[in-house]
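Okay, structure-v4.pdb now, which holds PDB, C-alpha atoms, pLDDT in the B column:
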```pdb
ATOM      1  CA  MET A   1      65.315  78.845  99.422  1.00 43.00           C
ATOM      2  CA  SER A   2      65.283  82.113  97.517  1.00 44.00           C
ATOM      3  CA  GLN A   3      67.776  84.929  97.218  1.00 46.00           C
ATOM      4  CA  ASP A   4      66.829  86.361 100.605  1.00 50.00           C
ATOM      5  CA  ASP A   5      68.494  85.427 103.855  1.00 48.00           C
ATOM      6  CA  ARG A   6      66.232  82.643 105.092  1.00 44.00           C
ATOM      7  CA  PRO A   7      69.037  80.633 106.775  1.00 42.00           C
ATOM      8  CA  SER A   8      69.055  83.151 109.641  1.00 39.00           C
ATOM      9  CA  ASP A   9      66.581  81.001 111.576  1.00 39.00           C
ATOM     10  CA  LEU A  10      68.704  77.852 111.376  1.00 40.00           C
ATOM     11  CA  ASP A  11      69.306  76.058 114.691  1.00 40.00           C
ATOM     12  CA  LEU A  12      73.004  75.204 114.887  1.00 40.00           C
ATOM     13  CA  GLY A  13      72.595  72.721 117.726  1.00 43.00           C
ATOM     14  CA  GLY A  14      75.153  74.456 119.928  1.00 45.00           C
ATOM     15  CA  ARG A  15      77.840  74.709 117.233  1.00 42.00           C
ATOM     16  CA  THR A  16      79.504  78.086 116.800  1.00 46.00           C
ATOM     17  CA  SER A  17      79.942  77.695 113.058  1.00 50.00           C
ATOM     18  CA  ALA A  18      77.329  76.767 110.504  1.00 57.00           C
ATOM     19  CA  LEU A  19      80.017  75.597 108.107  1.00 55.00           C
ATOM     20  CA  PRO A  20      80.212  71.821 107.644  1.00 51.00           C
ATOM     21  CA  THR A  21      82.629  70.203 110.101  1.00 44.00           C
ATOM     22  CA  ARG A  22      83.783  67.760 107.460  1.00 42.00           C
ATOM     23  CA  VAL A  23      84.111  67.754 103.717  1.00 43.00           C
ATOM     24  CA  VAL A  24      80.683  67.069 102.213  1.00 50.00           C
ATOM     25  CA  ALA A  25      79.955  66.360  98.568  1.00 60.00           C
ATOM     26  CA  CYS A  26      78.687  69.479  96.907  1.00 73.00           C
ATOM     27  CA  ASN A  27      75.292  69.946  95.343  1.00 66.00           C
ATOM     28  CA  SER A  28      76.445  69.950  91.707  1.00 78.00           C
ATOM     29  CA  ASN A  29      74.536  73.070  90.622  1.00 91.00           C
ATOM     30  CA  ALA A  30      74.325  74.991  93.902  1.00 95.00           C
ATOM     31  CA  VAL A  31      76.103  78.337  94.109  1.00 97.00           C
ATOM     32  CA  ALA A  32      76.135  80.610  97.161  1.00 97.00           C
ATOM     33  CA  VAL A  33      75.995  84.289  96.165  1.00 98.00           C
ATOM     34  CA  VAL A  34      77.207  86.430  99.066  1.00 97.00           C
ATOM     35  CA  GLU A  35      76.625  90.091  98.254  1.00 97.00           C
ATOM     36  CA  ASP A  36      75.250  92.842 100.507  1.00 96.00           C
ATOM     37  CA  ASP A  37      73.771  94.873  97.628  1.00 96.00           C
ATOM     38  CA  ALA A  38      70.323  93.287  97.195  1.00 97.00           C
ATOM     39  CA  VAL A  39      69.869  94.445  93.607  1.00 97.00           C
ATOM     40  CA  LEU A  40      73.271  93.136  92.507  1.00 97.00           C
ATOM     41  CA  ARG A  41      72.706  89.880  94.411  1.00 98.00           C
ATOM     42  CA  ASP A  42      69.352  89.396  92.644  1.00 98.00           C
ATOM     43  CA  VAL A  43      70.877  90.150  89.231  1.00 98.00           C
ATOM     44  CA  ILE A  44      73.756  87.726  89.822  1.00 98.00           C
ATOM     45  CA  CYS A  45      71.305  85.039  90.960  1.00 98.00           C
ATOM     46  CA  ALA A  46      69.132  85.630  87.882  1.00 98.00           C
ATOM     47  CA  VAL A  47      71.986  85.296  85.377  1.00 98.00           C
ATOM     48  CA  LEU A  48      73.364  82.224  87.151  1.00 97.00           C
ATOM     49  CA  ARG A  49      69.898  80.660  87.094  1.00 97.00           C
ATOM     50  CA  GLU A  50      69.701  81.362  83.339  1.00 97.00           C
ATOM     51  CA  ALA A  51      73.061  79.586  82.991  1.00 96.00           C
ATOM     52  CA  GLY A  52      71.527  76.448  84.551  1.00 95.00           C
ATOM     53  CA  LEU A  53      72.824  76.838  88.095  1.00 96.00           C
ATOM     54  CA  GLU A  54      70.945  76.964  91.414  1.00 96.00           C
ATOM     55  CA  PRO A  55      72.004  80.234  93.050  1.00 97.00           C
ATOM     56  CA  HIS A  56      71.131  80.986  96.668  1.00 97.00           C
ATOM     57  CA  GLY A  57      71.806  84.413  98.157  1.00 97.00           C
ATOM     58  CA  ALA A  58      73.014  85.776 101.462  1.00 97.00           C
ATOM     59  CA  SER A  59      73.816  89.356 102.409  1.00 96.00           C
ATOM     60  CA  THR A  60      75.837  88.861 105.609  1.00 95.00           C
ATOM     61  CA  LEU A  61      78.643  86.574 106.755  1.00 94.00           C
ATOM     62  CA  PRO A  62      76.522  84.826 109.426  1.00 94.00           C
ATOM     63  CA  ASN A  63      73.871  84.027 106.827  1.00 95.00           C
ATOM     64  CA  ALA A  64      76.532  82.977 104.318  1.00 95.00           C
ATOM     65  CA  ARG A  65      77.941  80.491 106.842  1.00 93.00           C
ATOM     66  CA  LYS A  66      74.484  79.031 107.419  1.00 94.00           C
ATOM     67  CA  LEU A  67      73.704  78.932 103.711  1.00 94.00           C
ATOM     68  CA  ILE A  68      76.941  77.086 102.924  1.00 93.00           C
ATOM     69  CA  GLY A  69      76.155  74.545 105.634  1.00 90.00           C
ATOM     70  CA  ILE A  70      72.664  73.973 104.201  1.00 91.00           C
ATOM     71  CA  ILE A  71      73.194  73.876 100.442  1.00 92.00           C
ATOM     72  CA  HIS A  72      76.808  72.566 100.208  1.00 91.00           C
ATOM     73  CA  PRO A  73      77.599  74.691  97.144  1.00 94.00           C
ATOM     74  CA  CYS A  74      80.163  73.776  94.523  1.00 93.00           C
ATOM     75  CA  ALA A  75      81.050  77.445  94.194  1.00 95.00           C
ATOM     76  CA  ILE A  76      80.722  80.652  96.182  1.00 96.00           C
ATOM     77  CA  VAL A  77      80.456  84.112  94.632  1.00 97.00           C
ATOM     78  CA  LEU A  78      81.741  86.338  97.414  1.00 96.00           C
ATOM     79  CA  ASP A  79      81.945  90.110  97.722  1.00 95.00           C
ATOM     80  CA  LEU A  80      85.160  90.844  99.600  1.00 90.00           C
ATOM     81  CA  GLN A  81      83.564  93.727 101.508  1.00 90.00           C
ATOM     82  CA  LEU A  82      80.059  93.169 102.891  1.00 91.00           C
ATOM     83  CA  GLY A  83      79.134  96.472 104.496  1.00 87.00           C
ATOM     84  CA  GLN A  84      81.353  96.569 107.572  1.00 89.00           C
ATOM     85  CA  GLU A  85      82.192  92.849 107.340  1.00 88.00           C
ATOM     86  CA  ASP A  86      85.405  91.545 105.798  1.00 88.00           C
ATOM     87  CA  ALA A  87      84.608  88.429 103.787  1.00 89.00           C
ATOM     88  CA  ALA A  88      88.211  87.248 104.111  1.00 87.00           C
ATOM     89  CA  ALA A  89      87.132  86.068 107.582  1.00 89.00           C
ATOM     90  CA  LEU A  90      84.793  83.557 105.924  1.00 90.00           C
ATOM     91  CA  LEU A  91      87.631  82.256 103.750  1.00 89.00           C
ATOM     92  CA  ASP A  92      89.872  81.942 106.825  1.00 88.00           C
ATOM     93  CA  GLU A  93      87.131  80.012 108.631  1.00 90.00           C
ATOM     94  CA  MET A  94      86.617  77.739 105.633  1.00 87.00           C
ATOM     95  CA  ASP A  95      90.352  76.984 105.655  1.00 85.00           C
ATOM     96  CA  ARG A  96      90.288  76.171 109.390  1.00 87.00           C
ATOM     97  CA  GLU A  97      87.201  73.953 109.022  1.00 86.00           C
ATOM     98  CA  GLY A  98      88.600  72.130 105.979  1.00 84.00           C
ATOM     99  CA  VAL A  99      85.821  73.316 103.673  1.00 83.00           C
ATOM    100  CA  HIS A 100      87.067  73.196 100.084  1.00 85.00           C
ATOM    101  CA  VAL A 101      84.807  75.122  97.731  1.00 90.00           C
ATOM    102  CA  SER A 102      85.715  77.066  94.602  1.00 92.00           C
ATOM    103  CA  VAL A 103      85.429  80.809  95.205  1.00 93.00           C
ATOM    104  CA  VAL A 104      84.818  83.716  92.843  1.00 95.00           C
ATOM    105  CA  LEU A 105      85.913  86.762  94.820  1.00 92.00           C
ATOM    106  CA  MET A 106      84.501  90.176  93.801  1.00 93.00           C
ATOM    107  CA  SER A 107      85.548  93.659  94.858  1.00 88.00           C
ATOM    108  CA  ALA A 108      85.622  97.232  93.627  1.00 89.00           C
ATOM    109  CA  ASP A 109      88.887  97.721  95.550  1.00 87.00           C
ATOM    110  CA  VAL A 110      91.391  96.301  93.063  1.00 80.00           C
ATOM    111  CA  ARG A 111      94.417  96.732  95.330  1.00 84.00           C
ATOM    112  CA  ARG A 112      92.721  94.921  98.188  1.00 81.00           C
ATOM    113  CA  LEU A 113      91.425  92.217  95.868  1.00 74.00           C
ATOM    114  CA  ARG A 114      94.916  91.534  94.549  1.00 79.00           C
ATOM    115  CA  ALA A 115      96.453  91.734  98.026  1.00 81.00           C
ATOM    116  CA  THR A 116      94.118  89.227  99.664  1.00 76.00           C
ATOM    117  CA  PRO A 117      96.021  86.136 100.771  1.00 74.00           C
ATOM    118  CA  HIS A 118      93.199  84.010  99.319  1.00 69.00           C
ATOM    119  CA  ARG A 119      93.786  85.227  95.760  1.00 62.00           C
ATOM    120  CA  ARG A 120      95.645  82.036  94.829  1.00 64.00           C
ATOM    121  CA  ARG A 121      92.614  79.866  95.520  1.00 72.00           C
ATOM    122  CA  ALA A 122      89.986  82.235  94.139  1.00 83.00           C
ATOM    123  CA  VAL A 123      89.029  83.649  90.787  1.00 86.00           C
ATOM    124  CA  LEU A 124      89.220  87.429  91.120  1.00 87.00           C
ATOM    125  CA  VAL A 125      86.542  89.601  89.514  1.00 90.00           C
ATOM    126  CA  GLU A 126      86.842  93.365  89.672  1.00 90.00           C
ATOM    127  CA  LYS A 127      83.692  95.465  90.079  1.00 91.00           C
ATOM    128  CA  PRO A 128      82.178  96.743  87.923  1.00 92.00           C
ATOM    129  CA  PHE A 129      82.196  93.650  85.726  1.00 93.00           C
ATOM    130  CA  GLU A 130      80.488  92.290  82.664  1.00 94.00           C
ATOM    131  CA  LEU A 131      77.877  89.717  83.666  1.00 95.00           C
ATOM    132  CA  ASP A 132      79.144  87.303  80.998  1.00 95.00           C
ATOM    133  CA  ARG A 133      82.616  87.378  82.583  1.00 95.00           C
ATOM    134  CA  LEU A 134      81.171  86.629  85.997  1.00 96.00           C
ATOM    135  CA  VAL A 135      79.041  83.761  84.660  1.00 96.00           C
ATOM    136  CA  ASP A 136      82.078  82.295  82.871  1.00 95.00           C
ATOM    137  CA  ALA A 137      84.120  82.525  86.088  1.00 94.00           C
ATOM    138  CA  VAL A 138      81.383  80.814  88.116  1.00 95.00           C
ATOM    139  CA  LEU A 139      80.873  78.059  85.548  1.00 94.00           C
ATOM    140  CA  ALA A 140      84.633  77.435  85.517  1.00 91.00           C
ATOM    141  CA  ALA A 141      84.629  77.326  89.340  1.00 90.00           C
ATOM    142  CA  VAL A 142      81.737  74.839  89.409  1.00 89.00           C
ATOM    143  CA  ILE A 143      83.483  72.386  87.085  1.00 86.00           C
ATOM    144  CA  SER A 144      86.909  72.692  88.748  1.00 78.00           C
TER     145      SER A 144
END
```

Would you mind writing the file out in C-alpha cells?
Amino acid sequence: MSQDDRPSDLDLGGRTSALPTRVVACNSNAVAVVEDDAVLRDVICAVLREAGLEPHGASTLPNARKLIGIIHPCAIVLDLQLGQEDAAALLDEMDREGVHVSVVLMSADVRRLRATPHRRRAVLVEKPFELDRLVDAVLAAVIS
C-alpha cells in the first residue's frame, strides 16, 4: 500500500468502524501518516521510510480508520485538523474501541493542540516543524 488512500475500497463486513475490535499486536515498523496535505504527507512518509519505518498514508478520517485496521501500526502521525474533519474524533473512537497506539499529534493551531484532551497520551508537534524533530518523535513513539 502506498501513500495514497487505497483502503477506501475495504469491505468492512457490516461493521461501522474499521478500527480493530480488539487489541492486535502491531506491525513493528508500520506507521500510519494521517495528513490531508498530500505534499506534506508524501514528505513525512519519505523521511520515515529513510529512517527505516514503513509509513502508510491517509488523507481522511474514514481512510485512516481503514488503514489502521489493515496495517496495525505501532504509531500514528496525525494532523489534528484534516480539512473540515476533527481528528480528535479518531482518538475518541480509538479510546472507545480499546485501540492503544502511540500517537504523534501535529497542528499549526498551538492553543488547540495544547488544549486537546488527548495531549497526555500523544507527543505534540507544532507546525511548522523540523523534519528531524518529527522523525525523532515518531521513532520514540514506535519504541514506547

TODO: Using the chain letters and numbering of this document, enumerate as a list in words the residues selected by the PyMOL selection byres ((chain A and resi 95-108) around 7).
DONE: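 Evaluating the PyMOL selection byres ((chain A and resi 95-108) around 7) on these coordinates yields Thr21, Arg22, Val23, Cys74, Ala75, Ile76, Val77, Leu78, Asp79, Leu80, Gln81, Leu91, Asp92, Glu93, Met94, Asp109, Val110, Leu113, Ala122, Val123, Leu124, Val125, Glu126, Lys127, Pro128, Ala137, Val138, Ala141 and Val142 of chain A.
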
For stretch 73-78 of chain A, I'd like the enclosing box, axis-aligned and padded by 5 Å on every side, reported as lines of an AutoDock Vina configuration file with centre and edge lengths in Å to one decimal.
```
center_x = 79.7
center_y = 80.1
center_z = 95.8
size_x = 14.1
size_y = 22.6
size_z = 13.2
```

Task: Between atom CA of A:Leu61 and atom CA of A:Val34 - distance in Å to one decimal - done: 7.8 Å

Open item on the list: What does the structure give for the distance between atom CA of A:Cys45 and atom CA of A:Ala87, in Å to one decimal?
Closed with: 18.8 Å

- [ ] Could you list the residues chosen by the PyMOL selection byres ((chain A and resi 46) around 12) in this structure as an MDAnalysis selection string?
- [x] chainID A and resid 2:3 31 33 39:45 47:57 131 135

Only C-alpha atoms, please: the residues just picked out, written as a PDB file, keeping the file's coordinate frame.
```pdb
ATOM      1  CA  SER A   2      65.283  82.113  97.517  1.00 44.00           C
ATOM      2  CA  GLN A   3      67.776  84.929  97.218  1.00 46.00           C
ATOM      3  CA  VAL A  31      76.103  78.337  94.109  1.00 97.00           C
ATOM      4  CA  VAL A  33      75.995  84.289  96.165  1.00 98.00           C
ATOM      5  CA  VAL A  39      69.869  94.445  93.607  1.00 97.00           C
ATOM      6  CA  LEU A  40      73.271  93.136  92.507  1.00 97.00           C
ATOM      7  CA  ARG A  41      72.706  89.880  94.411  1.00 98.00           C
ATOM      8  CA  ASP A  42      69.352  89.396  92.644  1.00 98.00           C
ATOM      9  CA  VAL A  43      70.877  90.150  89.231  1.00 98.00           C
ATOM     10  CA  ILE A  44      73.756  87.726  89.822  1.00 98.00           C
ATOM     11  CA  CYS A  45      71.305  85.039  90.960  1.00 98.00           C
ATOM     12  CA  VAL A  47      71.986  85.296  85.377  1.00 98.00           C
ATOM     13  CA  LEU A  48      73.364  82.224  87.151  1.00 97.00           C
ATOM     14  CA  ARG A  49      69.898  80.660  87.094  1.00 97.00           C
ATOM     15  CA  GLU A  50      69.701  81.362  83.339  1.00 97.00           C
ATOM     16  CA  ALA A  51      73.061  79.586  82.991  1.00 96.00           C
ATOM     17  CA  GLY A  52      71.527  76.448  84.551  1.00 95.00           C
ATOM     18  CA  LEU A  53      72.824  76.838  88.095  1.00 96.00           C
ATOM     19  CA  GLU A  54      70.945  76.964  91.414  1.00 96.00           C
ATOM     20  CA  PRO A  55      72.004  80.234  93.050  1.00 97.00           C
ATOM     21  CA  HIS A  56      71.131  80.986  96.668  1.00 97.00           C
ATOM     22  CA  GLY A  57      71.806  84.413  98.157  1.00 97.00           C
ATOM     23  CA  LEU A 131      77.877  89.717  83.666  1.00 95.00           C
ATOM     24  CA  VAL A 135      79.041  83.761  84.660  1.00 96.00           C
TER      25      VAL A 135
END
```

Open item on the list: Taking 4 positions as the minimum chain separation for residues in the same chain, which residues sit within 12 Å of A:Thr60 when counting only C-alpha atoms? Answer as a PyMOL selection string.
Closed with: chain A and resi 4-8+32-38+41+64-67+78-87+89-90

Open item on the list: Please compute the atom CA of A:Ala58-atom CA of A:Leu139 distance, one decimal, in Å.
Closed with: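 If I compute the distance from atom CA of A:Ala58 to atom CA of A:Leu139, I get 19.4 Å.
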
Open item on the list: Restricting the calculation to all atoms listed in the file: of A:Arg111, A:Ile143, A:Asn29, A:Ser59, which residue gets closest to A:Ile71?
Closed with: A:Asn29

Please supply stretch 35-50 of chain A, rebuilt with N, CA and C atoms, as an mmCIF file, keeping the file's coordinate frame.
```cif
data_model
loop_
_atom_site.group_PDB
_atom_site.id
_atom_site.type_symbol
_atom_site.label_atom_id
_atom_site.label_comp_id
_atom_site.auth_asym_id
_atom_site.auth_seq_id
_atom_site.Cartn_x
_atom_site.Cartn_y
_atom_site.Cartn_z
ATOM 1 N N GLU A 35 76.516 88.699 98.697
ATOM 2 C CA GLU A 35 76.625 90.091 98.254
ATOM 3 C C GLU A 35 75.647 90.921 99.073
ATOM 4 N N ASP A 36 76.122 92.032 99.657
ATOM 5 C CA ASP A 36 75.250 92.842 100.507
ATOM 6 C C ASP A 36 74.333 93.768 99.714
ATOM 7 N N ASP A 37 74.640 94.044 98.474
ATOM 8 C CA ASP A 37 73.771 94.873 97.628
ATOM 9 C C ASP A 37 72.665 93.972 97.068
ATOM 10 N N ALA A 38 71.441 94.171 97.550
ATOM 11 C CA ALA A 38 70.323 93.287 97.195
ATOM 12 C C ALA A 38 70.048 93.259 95.696
ATOM 13 N N VAL A 39 70.144 94.398 95.051
ATOM 14 C CA VAL A 39 69.869 94.445 93.607
ATOM 15 C C VAL A 39 70.931 93.648 92.853
ATOM 16 N N LEU A 40 72.195 93.867 93.178
ATOM 17 C CA LEU A 40 73.271 93.136 92.507
ATOM 18 C C LEU A 40 73.171 91.638 92.800
ATOM 19 N N ARG A 41 72.868 91.295 94.048
ATOM 20 C CA ARG A 41 72.706 89.880 94.411
ATOM 21 C C ARG A 41 71.596 89.239 93.577
ATOM 22 N N ASP A 42 70.468 89.925 93.436
ATOM 23 C CA ASP A 42 69.352 89.396 92.644
ATOM 24 C C ASP A 42 69.722 89.253 91.171
ATOM 25 N N VAL A 43 70.457 90.223 90.637
ATOM 26 C CA VAL A 43 70.877 90.150 89.231
ATOM 27 C C VAL A 43 71.831 88.981 89.024
ATOM 28 N N ILE A 44 72.811 88.839 89.926
ATOM 29 C CA ILE A 44 73.756 87.726 89.822
ATOM 30 C C ILE A 44 73.009 86.393 89.899
ATOM 31 N N CYS A 45 72.087 86.274 90.838
ATOM 32 C CA CYS A 45 71.305 85.039 90.960
ATOM 33 C C CYS A 45 70.511 84.768 89.682
ATOM 34 N N ALA A 46 69.936 85.807 89.098
ATOM 35 C CA ALA A 46 69.132 85.630 87.882
ATOM 36 C C ALA A 46 69.986 85.136 86.713
ATOM 37 N N VAL A 47 71.161 85.729 86.512
ATOM 38 C CA VAL A 47 71.986 85.296 85.377
ATOM 39 C C VAL A 47 72.573 83.907 85.609
ATOM 40 N N LEU A 48 72.863 83.571 86.863
ATOM 41 C CA LEU A 48 73.364 82.224 87.151
ATOM 42 C C LEU A 48 72.257 81.189 86.956
ATOM 43 N N ARG A 49 71.045 81.552 87.308
ATOM 44 C CA ARG A 49 69.898 80.660 87.094
ATOM 45 C C ARG A 49 69.695 80.426 85.592
ATOM 46 N N GLU A 50 69.811 81.491 84.795
ATOM 47 C CA GLU A 50 69.701 81.362 83.339
ATOM 48 C C GLU A 50 70.793 80.477 82.766
#
```
